[in-house]
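Take a look at the structure below.
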Amino acid sequence: METIIAGCRSCGAKNRILLKKQHLNPRCGTCKEAVDLSNQALPVPLGDHDFQQFLKAAPIPMLADFFAPTCGPCRALAPIIINLACSYVGRLIVATVDTSHHPGTSAHYQIRAVPTLLFFRNSVLVDQMIGAPAERELITKLEQLLQ
Ligand SMILES: [Zn+2]
């Protein structure tokens with residue numbers, strides 16, 4: 001399982017945090033203070049083996065970026081997706097799905113072009129964007145999702 005090593009702002013200890021648990025308000029193993037992930041979160045990579053299970057358990061809204069590694073617009077969007085994972089940590093789960101490795105999930109959501117962004121609330125698909133949006137456009141959409 002993928003993890004990040006997150007520094008604690010209170011005591012400086014390094015904490016190993018599962019990407020899939022970043023939204024669960026992780027606490028420092030040393031001083032027990034909340035670990036601030038706002039500049040160190042990463043998107044959660046999901047695939048055919050875990051997407052539905054993770055989505056069903058998601059306690060907050062989720063944005064899923066369906067991408068392909070060979071797609072230029074997807075690569076251009078990637079740093080924006082990472083920024084969103086940081087700035088919305090705890091309010092929004094930001095996930096990625098590599099469509100070249102996970103055709104089942106892509107077929108389930110009828111992904112025909114990459115990147116496609118899917119927006120989930122209460123584990124239900126509520127909106128989508130096809131193609132790479134400008135960051136400001138994407139943030140506007142997210143603010144609607146989080147209202
Ligand atoms: Zn600490």
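Every chain in the structure tokens has a letter given in the order shown (A, B, ...), and although residue numbers restart at 1 in each chain, ligands are simply numbered from 1 in the order shown.
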
Close residues to ligand 1 using only C-alpha atoms and all ligand atoms, limit 12 Å, as a ChimeraX atom specification: /A:6-16,26-36

Filtering to C-alpha atoms, could you give me those residues as a CSV table (one decimal), in the first residue's frame?
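Written out: again26.csv:
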chain,number,residue,atom,x,y,z
A,6,ALA,CA,4.6,13.3,6.7
A,7,GLY,CA,6.5,15.6,9.1
A,8,CYS,CA,4.7,16.7,12.3
A,9,ARG,CA,4.6,20.4,12.7
A,10,SER,CA,4.4,20.1,16.5
A,11,CYS,CA,7.3,17.8,17.3
A,12,GLY,CA,9.0,17.2,14.0
A,13,ALA,CA,8.6,13.5,14.0
A,14,LYS,CA,8.2,11.7,10.7
A,15,ASN,CA,4.9,9.8,10.3
A,16,ARG,CA,4.2,7.1,7.7
A,26,PRO,CA,-4.2,11.2,11.1
A,27,ARG,CA,-2.4,12.0,14.4
A,28,CYS,CA,1.3,12.0,15.0
A,29,GLY,CA,2.5,8.8,16.5
A,30,THR,CA,4.9,10.6,18.8
A,31,CYS,CA,3.0,13.6,20.2
A,32,LYS,CA,-0.5,12.7,19.1
A,33,GLU,CA,-1.2,16.1,17.6
A,34,ALA,CA,-3.1,16.1,14.3
A,35,VAL,CA,-0.6,15.9,11.3
A,36,ASP,CA,-1.2,18.8,9.0

Nearby residues (only C-alpha atoms) at most 6 Å from segment 44-61 of chain A, same-chain spacing under 3 positions excluded, as a ChimeraX atom specification: /A:19-20,92,95-97,102,104-105,120-121,123

Just the selected residues (C-alpha atoms), exported as a PDB file, in the first residue's frame, please.
ATOM      1  CA  LEU A  19      -2.499   7.406   1.121  1.00  0.00           C
ATOM      2  CA  LYS A  20      -5.899   5.781   1.627  1.00  0.00           C
ATOM      3  CA  LEU A  92     -12.337  16.100  -0.327  1.00  0.00           C
ATOM      4  CA  ALA A  95      -8.061   9.936  -6.283  1.00  0.00           C
ATOM      5  CA  THR A  96      -6.483   8.880  -9.557  1.00  0.00           C
ATOM      6  CA  VAL A  97      -7.215   5.909 -11.806  1.00  0.00           C
ATOM      7  CA  HIS A 102      -7.671  -0.497 -14.836  1.00  0.00           C
ATOM      8  CA  GLY A 104     -12.812  -2.399 -15.600  1.00  0.00           C
ATOM      9  CA  THR A 105     -13.358   0.776 -13.603  1.00  0.00           C
ATOM     10  CA  PHE A 120     -18.803  11.785  -6.149  1.00  0.00           C
ATOM     11  CA  ARG A 121     -20.909  12.836  -3.192  1.00  0.00           C
ATOM     12  CA  SER A 123     -20.437   7.700  -2.839  1.00  0.00           C
TER      13      SER A 123
END

Nearest-residue call for Met129 of chain A, choices A:Ala76, A:Leu24, A:Leu37, A:Ala64, using only C-alpha atoms: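 Looking at the shortest contact to Met129 of chain A, the residue is A:Ala64.
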
Residue set, chain A restricted to strand (DSSP E or B), as a count of residues only: 40

Minimum-distance residue to Gly90 of chain A, chosen among A:Asn25, A:Ile5, A:Leu145, A:Met62 (using only C-alpha atoms):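 Closest to Gly90 of chain A of all the choices is A:Asn25.
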
Nearest candidate to Val89 of chain A (options A:Leu138, A:Leu125, A:Leu63, A:His108; using only C-alpha atoms):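 Using only C-alpha atoms, the shortest distance to Val89 of chain A belongs to A:Leu63.
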
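With only C-alpha atoms taken into account, the protein and nucleic acid residues at most 10 Å from segment 68-74 of chain A (excluding it and anything under 3 positions from it in its own chain) are Asp65, Leu77, Ala78, Pro79, Ile81, Val97, Asp98, Thr99, Ser100, His101, Ala113, Val114, Pro115, Thr116, Gly131, Ala132 and Pro133 of chain A.
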
Keeping only C-alpha atoms, take the residues you just selected and write them out as a short mmCIF file (atom, residue, chain, number, x, y, z; two decimals), in the first residue's frame.
data_model
loop_
_atom_site.label_atom_id
_atom_site.label_comp_id
_atom_site.auth_asym_id
_atom_site.auth_seq_id
_atom_site.Cartn_x
_atom_site.Cartn_y
_atom_site.Cartn_z
CA ASP A 65 -8.99 11.73 -12.12
CA LEU A 77 -3.27 18.25 -15.21
CA ALA A 78 -1.35 16.06 -12.74
CA PRO A 79 0.31 18.88 -10.73
CA ILE A 81 -4.56 17.38 -9.03
CA VAL A 97 -7.21 5.91 -11.81
CA ASP A 98 -4.69 4.83 -14.43
CA THR A 99 -7.03 3.77 -17.23
CA SER A 100 -4.27 1.84 -19.00
CA HIS A 101 -4.06 -0.54 -16.04
CA ALA A 113 -11.46 10.13 -23.24
CA VAL A 114 -8.74 11.08 -20.82
CA PRO A 115 -8.49 12.97 -18.69
CA THR A 116 -12.01 12.58 -17.33
CA GLY A 131 -10.77 16.97 -20.81
CA ALA A 132 -8.36 18.99 -18.68
CA PRO A 133 -10.10 22.03 -17.17
#

Nearest to Gln110 of chain A, chosen from A:Ile130, A:Ala85, A:Glu2, A:Ile17, with only C-alpha atoms counted in the distances: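 Of A:Ile130, A:Ala85, A:Glu2, A:Ile17, the one nearest Gln110 of chain A, counting only C-alpha atoms, is A:Ile130.
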
DSSP helix (DSSP H, G or I) residues within segment 40-71 of chain A, as a list in words: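 Assigned to helix (DSSP H, G or I), within segment 40-71 of chain A: Phe51, Gln52, Gln53, Phe54, Leu55, Lys56 and Ala57 of chain A.
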
Could you turn the residues from that selection into a file that holds N, CA and C atoms, as a PDB file, in the first residue's frame?
ATOM      1  N   PHE A  51     -11.436   0.305  -6.201  1.00  0.00           N
ATOM      2  CA  PHE A  51     -12.143   1.573  -6.398  1.00  0.00           C
ATOM      3  C   PHE A  51     -13.512   1.593  -5.716  1.00  0.00           C
ATOM      4  N   GLN A  52     -14.344   0.571  -6.016  1.00  0.00           N
ATOM      5  CA  GLN A  52     -15.722   0.576  -5.493  1.00  0.00           C
ATOM      6  C   GLN A  52     -15.742   0.460  -3.974  1.00  0.00           C
ATOM      7  N   GLN A  53     -14.875  -0.384  -3.448  1.00  0.00           N
ATOM      8  CA  GLN A  53     -14.811  -0.577  -1.996  1.00  0.00           C
ATOM      9  C   GLN A  53     -14.417   0.736  -1.299  1.00  0.00           C
ATOM     10  N   PHE A  54     -13.405   1.406  -1.853  1.00  0.00           N
ATOM     11  CA  PHE A  54     -12.950   2.667  -1.261  1.00  0.00           C
ATOM     12  C   PHE A  54     -14.041   3.737  -1.374  1.00  0.00           C
ATOM     13  N   LEU A  55     -14.672   3.823  -2.546  1.00  0.00           N
ATOM     14  CA  LEU A  55     -15.717   4.828  -2.767  1.00  0.00           C
ATOM     15  C   LEU A  55     -16.877   4.642  -1.801  1.00  0.00           C
ATOM     16  N   LYS A  56     -17.289   3.388  -1.608  1.00  0.00           N
ATOM     17  CA  LYS A  56     -18.432   3.116  -0.716  1.00  0.00           C
ATOM     18  C   LYS A  56     -18.140   3.546   0.711  1.00  0.00           C
ATOM     19  N   ALA A  57     -16.872   3.462   1.108  1.00  0.00           N
ATOM     20  CA  ALA A  57     -16.491   3.789   2.484  1.00  0.00           C
ATOM     21  C   ALA A  57     -16.128   5.265   2.659  1.00  0.00           C
TER      22      ALA A  57
END

Distance criterion (only C-alpha atoms): nearest to Leu118 of chain A out of A:Glu135, A:Lys141, A:Gln147, A:Gln22: A:Lys141

For atom CA of Asn39 of chain A and atom CA of Gln128 of chain A, the interatomic separation in Å (one decimal): 26.1 Å

Which residue of A:Gln144, A:Pro103, A:Ile139, A:Leu42 approaches Asp127 of chain A most closely, using only C-alpha atoms: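 Selected residue with least distance to Asp127 of chain A: A:Gln144.
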